[in-house]
Amino acid sequence: MRRVLLLGSTGSIGTQALRVIAASSDLTVVGLSCDRNVGLLLEQASSLGVSHVAIADEAAARTVSSSLYPELRIRSGAEAAARLVREVEADLILNAIVGFAGLESTLAAMDGGCALALANKESLVCAGSLVVRRARRKGVDIIPVDSEHSALFQLIAASGPESVQSVTITASGGPFRGKTAAELSGVTREEALAHPTWSMGEKISVDSATLMNKGLEIIEAHHLFGLSYDQIEVVIHPQSVVHALVKLVDGALLAHMGVADMRVPIGFALHYPERAPMSIPELDLASVGALGFERPDGVTFPAMDLAREAGLKGDKATCSLNAANEVAVNAFLAGRLPFLGIAELVGAVLGESPAGDLGTYEEVVDVDTWARHKAQKICAGMSESV
Ligand code: MG
């Protein structure tokens, strides 16, 4: 049995991972973590017989009566998930925490030498050089869970890294594909959350609508596969059937295809290096009919180019970009910032961000804190003028 520690178990990736694990006779869960959805966490823990849990939100953790759950060992607070990583023995950690909050657990997994299935792309966006350096030093495998990167991981392994000339990741284009900036000025939270092909959490759905998600994925691919930024291309592909492609030195182009179902990359990561049968809907190419590809519209959706620009400036800039984006997305979801304000806010913070790499977790936290404050200040000014 492979013992899995599942961080972020109540989110979209977490709940889908539990369905994959339930369908497998090789996987067992040894620990769970959540931000604040304590009701679901307790349900998961009791149905799986898990005794080690972490709850990031202290107030939510206080609502759990220890007399009702005497068998449960609860850790709480911002560092609770990372403590779970340090204290519970596992064969694989699936990090599906949303945002910067997932970084500490990623670094703890590296320190413990435990294989990591990584769905928290922000770990690589905020501190990619640090994470990759530590993984290499400890001999830790990072298996990407992001669908495009899972596809690239498989394609690059199949063709041999030395044969790869460049890679392409696809983007569905999100709910606002084909719209102009003028048409997007008044879009609502509900419209932004209505993703056409993938079922995902709120943060990543908004990131997909702005195309920031694809920008973060460019940075993620740069670190995961050691590619330069000009080796990573993006193409809009509304059907979400092709997830990624690699162009080889001899001119061949290999594509990874499949249904848009996150259980596929989750299942791949949980079973790696084995392959396990999965019961998911089959891809019927004839009913898909045609596959379309378009160039991204960088004028209406500037976020992706901002991410590329940050990537070229180094980890301090990508960390600032991520922090500003988290602040902006939260403000948009709370109705305090218009949709187009997200990229505007991120661009403003990035313009003032320091450049260069980050050597320690403490340095990452400092840059993240600086960028969050900066973003909040600019955001307050922008909300006043709304
Ligand atoms: Mg993705």
# chains A, B, ... in the order shown; residues from 1 in each chain; ligands from 1

call {"tool": "residues_around", "arguments": {"residues": "segment 263-275 of chain A", "least_positions_apart": "3", "cutoff": "7 Å", "atoms": "only C-alpha atoms", "output": "PDB file with C-alpha atoms, in the first residue's frame"}}
result
ATOM      1  CA  GLN A  16     -11.224  14.415  -6.864  1.00  0.00           C
ATOM      2  CA  ALA A  17      -8.048  12.817  -5.476  1.00  0.00           C
ATOM      3  CA  VAL A  20      -9.172   8.288  -7.316  1.00  0.00           C
ATOM      4  CA  ALA A 117       2.652  15.176  -6.301  1.00  0.00           C
ATOM      5  CA  ILE A 143       5.323  14.836 -10.150  1.00  0.00           C
ATOM      6  CA  PRO A 144       3.169  17.641 -11.536  1.00  0.00           C
ATOM      7  CA  VAL A 145      -0.602  17.375 -11.141  1.00  0.00           C
ATOM      8  CA  ASP A 146      -1.441  20.366 -13.311  1.00  0.00           C
ATOM      9  CA  SER A 147      -2.912  18.744 -16.449  1.00  0.00           C
ATOM     10  CA  SER A 150       1.479  16.140 -16.295  1.00  0.00           C
TER      11      SER A 150
END

call {"tool": "select_by_dssp", "arguments": {"residues": "segment 123-231 of chain A", "states": "strand (DSSP E)", "output": "number ranges by chain"}}
result
A: 142-144, 164-171

call {"tool": "atom_distance", "arguments": {"atom1": "atom CA of Val125 of chain A", "atom2": "atom CA of Val241 of chain A"}}
result
25.3 Å

call {"tool": "closest_atom_pairs", "arguments": {"of": "chain A", "to": "ligand 1", "cutoff": "8 Å", "atoms": "only C-alpha atoms and all ligand atoms", "output": "CSV"}}
result
residue,atom,partner,partner_atom_place_in_ligand_line,distance
A:Asp146,CA,ligand 1,1 (Mg),4.6
A:Ser147,CA,ligand 1,1 (Mg),5.0
A:Glu148,CA,ligand 1,1 (Mg),5.3
A:His149,CA,ligand 1,1 (Mg),7.2
A:Ala171,CA,ligand 1,1 (Mg),7.9
A:Asn213,CA,ligand 1,1 (Mg),7.2
A:Lys214,CA,ligand 1,1 (Mg),7.2
A:Glu217,CA,ligand 1,1 (Mg),6.7

call {"tool": "closest_residue", "arguments": {"among": "A:Glu87, A:Asp261, A:Glu71, A:Asp230", "to": "Trp198 of chain A", "atoms": "only C-alpha atoms"}}
result
A:Asp261

call {"tool": "residues_around", "arguments": {"residues": "Arg3 of chain A", "least_positions_apart": "6", "cutoff": "7 Å", "atoms": "only C-alpha atoms", "output": "NGL selection string"}}
result
:A and (27-30 or 90-92)

call {"tool": "write_last_selection", "arguments": {"atoms": "all heavy atoms", "output": "compact mmCIF listing (two decimals), in the first residue's frame"}}
result
# COMPACT_ATOMS: atom_id res chain seq x y z
N LEU A 27 -3.71 2.45 -2.79
CA LEU A 27 -3.47 3.72 -2.12
C LEU A 27 -4.26 3.83 -0.82
O LEU A 27 -5.42 3.42 -0.76
CB LEU A 27 -3.89 4.88 -3.05
CG LEU A 27 -3.24 4.93 -4.44
CD1 LEU A 27 -3.95 5.95 -5.32
CD2 LEU A 27 -1.76 5.26 -4.31
N THR A 28 -3.62 4.39 0.19
CA THR A 28 -4.31 4.62 1.46
C THR A 28 -3.96 6.01 1.97
O THR A 28 -2.86 6.50 1.74
CB THR A 28 -3.96 3.52 2.48
OG1 THR A 28 -4.68 3.76 3.68
CG2 THR A 28 -2.47 3.51 2.80
N VAL A 29 -4.91 6.66 2.66
CA VAL A 29 -4.69 8.03 3.13
C VAL A 29 -4.23 8.00 4.59
O VAL A 29 -4.85 7.34 5.42
CB VAL A 29 -5.99 8.86 3.02
CG1 VAL A 29 -5.76 10.28 3.49
CG2 VAL A 29 -6.50 8.86 1.58
N VAL A 30 -3.15 8.73 4.88
CA VAL A 30 -2.64 8.73 6.26
C VAL A 30 -2.79 10.10 6.94
O VAL A 30 -2.53 10.24 8.12
CB VAL A 30 -1.16 8.28 6.33
CG1 VAL A 30 -1.04 6.80 6.01
CG2 VAL A 30 -0.29 9.11 5.39
N ALA A 90 4.76 9.14 5.35
CA ALA A 90 3.99 8.87 4.13
C ALA A 90 4.95 8.48 3.01
O ALA A 90 6.15 8.71 3.09
CB ALA A 90 3.21 10.11 3.72
N ASP A 91 4.41 7.87 1.95
CA ASP A 91 5.22 7.54 0.78
C ASP A 91 5.10 8.61 -0.29
O ASP A 91 5.94 8.73 -1.17
CB ASP A 91 4.77 6.19 0.20
CG ASP A 91 4.89 5.09 1.24
OD1 ASP A 91 6.01 4.90 1.76
OD2 ASP A 91 3.86 4.47 1.56
N LEU A 92 3.98 9.35 -0.22
CA LEU A 92 3.73 10.38 -1.23
C LEU A 92 2.90 11.48 -0.61
O LEU A 92 1.94 11.21 0.11
CB LEU A 92 2.97 9.77 -2.43
CG LEU A 92 2.59 10.73 -3.55
CD1 LEU A 92 3.82 11.14 -4.35
CD2 LEU A 92 1.56 10.10 -4.48

call {"tool": "closest_residue", "arguments": {"among": "A:Phe332, A:Asp57, A:Ala323, A:Glu190", "to": "His373 of chain A", "atoms": "only C-alpha atoms"}}
result
A:Ala323

call {"tool": "select_by_dssp", "arguments": {"residues": "segment 11-61 of chain A", "states": "helix (DSSP H, G or I)", "output": "PyMOL selection string"}}
result
chain A and resi 12-22+38-48+58-61

call {"tool": "residues_around", "arguments": {"residues": "Glu363 of chain A", "least_positions_apart": "5", "cutoff": "10 Å", "atoms": "only C-alpha atoms", "output": "compact mmCIF listing (two decimals) with all heavy atoms, in the first residue's frame"}}
result
# COMPACT_ATOMS: atom_id res chain seq x y z
N ALA A 127 8.76 30.39 -5.56
CA ALA A 127 10.11 30.02 -5.11
C ALA A 127 10.66 28.87 -5.93
O ALA A 127 11.28 27.94 -5.40
CB ALA A 127 10.06 29.64 -3.63
N LYS A 316 12.00 36.80 -7.38
CA LYS A 316 11.42 37.90 -6.59
C LYS A 316 10.23 38.49 -7.35
O LYS A 316 9.21 38.83 -6.75
CB LYS A 316 12.46 38.99 -6.31
CG LYS A 316 13.44 38.58 -5.23
CD LYS A 316 14.45 39.67 -4.93
CE LYS A 316 15.46 39.16 -3.92
NZ LYS A 316 16.67 39.97 -3.87
N ASP A 357 16.88 36.26 -7.69
CA ASP A 357 16.39 35.00 -7.13
C ASP A 357 16.27 35.06 -5.61
O ASP A 357 16.77 35.98 -4.96
CB ASP A 357 17.29 33.85 -7.55
CG ASP A 357 16.94 33.37 -8.95
OD1 ASP A 357 15.81 33.69 -9.41
OD2 ASP A 357 17.78 32.72 -9.58
N LEU A 358 15.61 34.05 -5.05
CA LEU A 358 15.38 33.98 -3.61
C LEU A 358 16.12 32.78 -3.04
O LEU A 358 15.99 31.68 -3.55
CB LEU A 358 13.87 33.85 -3.34
CG LEU A 358 13.06 35.11 -3.70
CD1 LEU A 358 11.59 34.77 -3.91
CD2 LEU A 358 13.21 36.13 -2.59
N ASP A 368 6.85 38.20 -0.50
CA ASP A 368 5.40 37.98 -0.57
C ASP A 368 4.66 39.01 0.27
O ASP A 368 3.67 39.60 -0.17
CB ASP A 368 5.09 36.55 -0.09
CG ASP A 368 3.60 36.28 -0.02
OD1 ASP A 368 2.99 36.07 -1.08
OD2 ASP A 368 3.03 36.31 1.09
N THR A 369 5.16 39.26 1.48
CA THR A 369 4.51 40.23 2.39
C THR A 369 4.56 41.64 1.80
O THR A 369 3.57 42.37 1.80
CB THR A 369 5.22 40.21 3.77
OG1 THR A 369 5.26 38.85 4.22
CG2 THR A 369 4.48 41.05 4.79
